[in-house]
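Read through the structure below, which is laid out as structure tokens, and then see the notes.
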There are 2 protein chains.
Amino acid sequence: MDAAAQPTPDYPRTTRTTPTRRADRARYDSATVHAILDAEFVCHLGFVADGAPVVLPTLYARVDRRLYLHGSTGSRPMRTIDGERVCVTVTIPDGIVLARAAMHHSVNYRSVVAHGIAHRVTDPAERAVALDALVDQVAPGRSADCRPANAKEHAMTAVLRLDLDEVSAKVRTGAVADEPEDLELPHWAGVIPVRRTLGAPVPDGALAAGTPLPGYLSHRA
Amino acid sequence: MDAAAQPTPDYPRTTRTTPTRRADRARYDSATVHAILDAEFVCHLGFVADGAPVVLPTLYARVDRRLYLHGSTGSRPMRTIDGERVCVTVTIPDGIVLARAAMHHSVNYRSVVAHGIAHRVTDPAERAVALDALVDQVAPGRSADCRPANAKEHAMTAVLRLDLDEVSAKVRTGAVADEPEDLELPHWAGVIPVRRTLGAPVPDGALAAGTPLPGYLSHRA
């Protein structure tokens, strides 16, 4: 059997990953969870500092059933969260849902919420995998076409791992969900698609004239 | 003096809103903070539940120096956070920064992080302002062109306010920041612009034929 064809196990539901409402939008299958994580590169990292919640945007990478984050060894989050509980959330808006009723306005979206304990990665081989993955999450193929971190840069960079154990996705798709008695109201209703687009790459001013755009970026141009 | 011309005070720096690094990217002026908040409609709400951090995506609206959030009165966040500390973070990616060195890969972005205590809004007039603002944040002008919440919907909907007291923005713009000794490396370097685009509105299937797209949506088509 081809390795790619082997199903990966779904994620278990826990109290924390079972929504109190709209449970019909929750997903626990690894295909859905991983596809959402693979479609983004910015997450929101939540942790507790001095008893208060802190949420910061940061880059992430998924490798199998693990997430990797990185940051300066001197930064507050990196110093705070090694061995501590975190929550990492990734959200992709897909559409603006304009209903006839104010209360039925909504957003089509895909999100993943992962709970767990973050651990500092010190093994050099795992750090190399994580740092390559962080670059490739933003621009697939890029890690093979840049200068890897040197010893000084490694010393300045903390890598954190969050194992994907307690994780769920939530997905809203489709149309407006108005009340039947509202369908005759005169207001326009429908969905406005939302997507992220990438513009034409802007070469660095110091780039040698004629340096070609690499193939792994050309499809994004 | 025209009211619109009066400068609003900047936000004070606090320990919590002073970054431990890249302090040059921090902004405290209300013009920057408000412009970022006004350009988005999805935030990430962080709170502490049973001692653990939770980060959930949700809609928000800014009104003056306040943020409003809403949700089902039965949902876990709405039951958990009234009177509790929250952190609300809004992030807009603007570009992928591809440096010659792996460690200098970055993202151009604008973000706002607001800390404070969330309070449930019960005053009917303030609730109406908040619910209109939540609709208008997603589609400016829409609150005047839909059915307002009825008594039953009001009873099901919790509105939360976070006063913007302890808040900061962080902004990265511009070009690649490689080391001088890396500039001769053969790797392509530059910035790929990232933006959100809206697709052509998809009318609801039950919409009467010929219902025109309202003017406040036409510029988004």
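Labels used: A, B, ... for chains in the order of the structure tokens, numbers from 1 for residues in each chain, and numbers from 1 for ligands as shown.
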
Any chance you could dump chain B, least-squares fitted to chain A on all C-alpha atoms in order, as a short mmCIF file (atom, residue, chain, number, x, y, z; two decimals) with C-alpha atoms, in the first residue's frame?
```
data_model
loop_
_atom_site.label_atom_id
_atom_site.label_comp_id
_atom_site.auth_asym_id
_atom_site.auth_seq_id
_atom_site.Cartn_x
_atom_site.Cartn_y
_atom_site.Cartn_z
CA MET B 1 -0.08 -0.05 0.00
CA ASP B 2 1.26 3.29 -0.96
CA ALA B 3 2.25 5.33 2.08
CA ALA B 4 0.32 8.33 0.86
CA ALA B 5 -2.81 6.23 0.66
CA GLN B 6 -2.76 5.18 4.30
CA PRO B 7 -5.46 6.99 6.22
CA THR B 8 -4.21 8.90 9.22
CA PRO B 9 -6.31 8.57 12.35
CA ASP B 10 -8.81 11.23 13.22
CA TYR B 11 -8.36 13.44 16.25
CA PRO B 12 -10.30 12.46 19.36
CA ARG B 13 -13.08 14.71 20.57
CA THR B 14 -12.51 16.13 24.01
CA THR B 15 -14.59 18.42 26.19
CA ARG B 16 -12.39 21.28 25.09
CA THR B 17 -12.76 20.55 21.38
CA THR B 18 -16.51 19.95 21.45
CA PRO B 19 -18.25 23.24 20.73
CA THR B 20 -21.10 24.28 22.97
CA ARG B 21 -23.05 25.25 19.87
CA ARG B 22 -22.91 24.70 16.10
CA ALA B 23 -21.40 21.31 16.73
CA ASP B 24 -22.43 20.46 13.16
CA ARG B 25 -19.59 22.68 11.99
CA ALA B 26 -16.91 20.79 13.94
CA ARG B 27 -14.53 18.43 12.15
CA TYR B 28 -12.05 15.99 13.64
CA ASP B 29 -10.74 14.14 10.62
CA SER B 30 -7.09 14.69 9.98
CA ALA B 31 -7.62 15.34 6.27
CA THR B 32 -9.74 18.41 7.01
CA VAL B 33 -7.57 19.61 9.89
CA HIS B 34 -4.34 19.22 7.94
CA ALA B 35 -5.70 20.80 4.76
CA ILE B 36 -6.67 23.94 6.69
CA LEU B 37 -3.31 24.10 8.44
CA ASP B 38 -1.50 23.63 5.13
CA ALA B 39 -3.41 26.46 3.45
CA GLU B 40 -2.17 29.19 5.80
CA PHE B 41 1.06 30.35 7.38
CA VAL B 42 -0.03 32.85 10.05
CA CYS B 43 -1.49 31.49 13.28
CA HIS B 44 -2.61 33.14 16.48
CA LEU B 45 -0.71 31.81 19.49
CA GLY B 46 -2.45 32.07 22.83
CA PHE B 47 -0.76 31.67 26.19
CA VAL B 48 -1.19 32.84 29.75
CA ALA B 49 1.20 35.42 31.18
CA ASP B 50 0.78 36.58 34.77
CA GLY B 51 -2.67 35.05 34.76
CA ALA B 52 -3.84 37.00 31.73
CA PRO B 53 -4.42 35.75 28.20
CA VAL B 54 -2.07 36.89 25.44
CA VAL B 55 -2.72 36.31 21.72
CA LEU B 56 0.03 37.05 19.22
CA PRO B 57 0.22 36.44 15.48
CA THR B 58 3.16 34.34 14.39
CA LEU B 59 4.32 32.05 11.62
CA TYR B 60 3.87 28.31 11.96
CA ALA B 61 4.52 25.10 10.08
CA ARG B 62 2.81 21.74 10.17
CA VAL B 63 4.93 18.59 9.93
CA ASP B 64 2.84 15.42 10.23
CA ARG B 65 0.95 15.73 13.51
CA ARG B 66 3.08 18.51 14.93
CA LEU B 67 3.12 22.28 14.69
CA TYR B 68 6.34 24.26 14.90
CA LEU B 69 6.68 27.90 15.88
CA HIS B 70 9.80 29.97 16.24
CA GLY B 71 10.95 33.24 17.66
CA SER B 72 13.81 35.09 19.22
CA THR B 73 15.22 33.37 22.29
CA GLY B 74 14.88 36.75 24.01
CA SER B 75 11.22 37.33 23.21
CA ARG B 76 8.55 37.16 25.87
CA PRO B 77 6.50 34.37 24.30
CA MET B 78 9.48 32.13 23.74
CA ARG B 79 10.62 32.62 27.34
CA THR B 80 7.10 32.23 28.71
CA ILE B 81 5.65 29.21 27.03
CA ASP B 82 8.23 26.42 27.07
CA GLY B 83 6.45 23.64 28.95
CA GLU B 84 3.27 25.69 29.30
CA ARG B 85 -0.20 25.30 27.86
CA VAL B 86 -0.85 27.09 24.59
CA CYS B 87 -3.66 27.37 22.09
CA VAL B 88 -2.80 27.79 18.42
CA THR B 89 -5.57 28.91 16.11
CA VAL B 90 -5.57 29.23 12.32
CA THR B 91 -8.47 30.91 10.54
CA ILE B 92 -9.23 31.31 6.84
CA PRO B 93 -12.22 33.49 5.91
CA ASP B 94 -13.91 32.28 2.72
CA GLY B 95 -16.97 34.46 2.35
CA ILE B 96 -19.17 37.20 3.76
CA VAL B 97 -22.70 35.92 4.31
CA LEU B 98 -25.26 38.71 4.02
CA ALA B 99 -28.61 37.56 5.32
CA ARG B 100 -31.89 39.42 5.29
CA ALA B 101 -31.86 39.36 9.10
CA ALA B 102 -29.05 41.15 10.94
CA MET B 103 -28.59 38.21 13.31
CA HIS B 104 -28.03 35.75 10.47
CA HIS B 105 -25.12 37.65 9.01
CA SER B 106 -22.14 35.36 9.13
CA VAL B 107 -18.82 34.45 7.59
CA ASN B 108 -17.88 31.33 5.68
CA TYR B 109 -14.58 30.17 7.11
CA ARG B 110 -12.30 27.29 7.93
CA SER B 111 -10.48 27.27 11.26
CA VAL B 112 -8.37 24.94 13.37
CA VAL B 113 -7.85 25.21 17.11
CA ALA B 114 -5.07 23.17 18.71
CA HIS B 115 -4.58 22.87 22.45
CA GLY B 116 -1.55 21.49 24.22
CA ILE B 117 1.76 22.06 25.88
CA ALA B 118 4.52 23.74 23.89
CA HIS B 119 7.98 22.28 24.18
CA ARG B 120 11.26 23.85 23.21
CA VAL B 121 13.06 21.87 20.50
CA THR B 122 16.78 21.45 21.09
CA ASP B 123 17.67 18.45 18.93
CA PRO B 124 19.62 19.85 15.97
CA ALA B 125 18.05 17.51 13.41
CA GLU B 126 14.52 18.34 14.53
CA ARG B 127 15.34 22.05 14.61
CA ALA B 128 16.55 21.85 11.01
CA VAL B 129 13.34 20.11 9.94
CA ALA B 130 11.27 22.71 11.77
CA LEU B 131 13.10 25.73 10.38
CA ASP B 132 12.91 24.38 6.83
CA ALA B 133 9.21 23.71 7.30
CA LEU B 134 8.61 27.24 8.58
CA VAL B 135 10.13 28.67 5.39
CA ASP B 136 8.32 26.19 3.16
CA GLN B 137 4.97 26.87 4.82
CA VAL B 138 5.19 30.46 3.56
CA ALA B 139 6.70 29.60 0.17
CA PRO B 140 6.75 25.89 -0.66
CA GLY B 141 10.15 24.90 -2.05
CA ARG B 142 11.94 27.91 -0.67
CA SER B 143 13.96 26.15 2.05
CA ALA B 144 16.14 24.52 -0.63
CA ASP B 145 16.87 27.92 -2.19
CA CYS B 146 18.20 30.10 0.63
CA ARG B 147 21.07 30.16 3.08
CA PRO B 148 20.36 27.94 6.10
CA ALA B 149 20.76 29.35 9.59
CA ASN B 150 24.34 29.61 10.83
CA ALA B 151 25.48 28.90 14.39
CA LYS B 152 24.90 32.46 15.55
CA GLU B 153 21.39 32.55 14.09
CA HIS B 154 20.59 29.16 15.62
CA ALA B 155 21.65 30.47 19.02
CA MET B 156 19.27 33.40 18.68
CA THR B 157 16.29 31.32 17.57
CA ALA B 158 13.97 29.30 19.74
CA VAL B 159 11.88 26.57 18.12
CA LEU B 160 8.73 25.31 19.82
CA ARG B 161 6.75 22.17 19.08
CA LEU B 162 3.08 21.59 19.73
CA ASP B 163 1.98 18.02 19.17
CA LEU B 164 -1.41 17.82 17.50
CA ASP B 165 -3.29 15.76 20.05
CA GLU B 166 -6.25 17.89 21.08
CA VAL B 167 -7.31 19.60 17.90
CA SER B 168 -10.46 20.33 15.94
CA ALA B 169 -11.55 22.20 12.87
CA LYS B 170 -14.65 24.29 12.38
CA VAL B 171 -16.04 24.96 8.93
CA ARG B 172 -18.93 27.06 7.66
CA THR B 173 -19.68 26.83 3.97
CA GLY B 174 -22.59 27.56 1.75
CA ALA B 175 -25.45 29.94 1.58
CA VAL B 176 -27.48 32.36 3.64
CA ALA B 177 -29.57 30.76 6.41
CA ASP B 178 -32.49 33.15 6.86
CA GLU B 179 -35.74 32.43 8.64
CA PRO B 180 -38.48 31.26 6.26
CA GLU B 181 -40.66 34.25 7.21
CA ASP B 182 -37.87 36.65 6.19
CA LEU B 183 -37.48 35.41 2.63
CA GLU B 184 -39.93 37.96 1.25
CA LEU B 185 -38.08 40.94 2.76
CA PRO B 186 -36.76 43.36 0.14
CA HIS B 187 -33.10 43.19 1.21
CA TRP B 188 -30.46 41.76 -1.09
CA ALA B 189 -29.04 38.54 0.34
CA GLY B 190 -26.16 36.37 -0.72
CA VAL B 191 -22.52 35.52 -0.24
CA ILE B 192 -19.48 37.60 -1.22
CA PRO B 193 -16.51 35.28 -1.74
CA VAL B 194 -13.34 36.23 0.12
CA ARG B 195 -9.93 35.02 -0.91
CA ARG B 196 -6.29 35.83 -0.45
CA THR B 197 -4.41 36.77 -3.59
CA LEU B 198 -0.71 37.21 -4.16
CA GLY B 199 0.58 40.12 -6.20
CA ALA B 200 3.46 40.21 -8.63
CA PRO B 201 6.75 39.52 -6.78
CA VAL B 202 8.78 42.70 -6.17
CA PRO B 203 12.50 41.92 -6.53
CA ASP B 204 14.83 43.20 -3.83
CA GLY B 205 16.67 46.35 -4.91
CA ALA B 206 20.03 44.70 -4.38
CA LEU B 207 19.18 41.70 -6.55
CA ALA B 208 21.51 41.24 -9.52
CA ALA B 209 19.82 42.30 -12.72
CA GLY B 210 18.38 39.38 -14.59
CA THR B 211 18.06 37.07 -11.59
CA PRO B 212 15.14 34.88 -12.66
CA LEU B 213 12.12 34.30 -10.48
CA PRO B 214 12.46 30.70 -9.28
CA GLY B 215 9.99 28.17 -10.55
CA TYR B 216 8.45 27.52 -7.13
CA LEU B 217 7.39 31.20 -7.05
CA SER B 218 6.35 31.59 -10.66
CA HIS B 219 2.90 30.11 -10.20
CA ARG B 220 2.26 32.78 -7.58
CA ALA B 221 3.10 35.67 -9.86
#
```

> Where in region 114-207 of chain A does DSSP assign strand (DSSP E), given as a PyMOL selection string?
Replying inline: chain A and resi 114-117+119-120+157-163+166-172+190-198+202-203
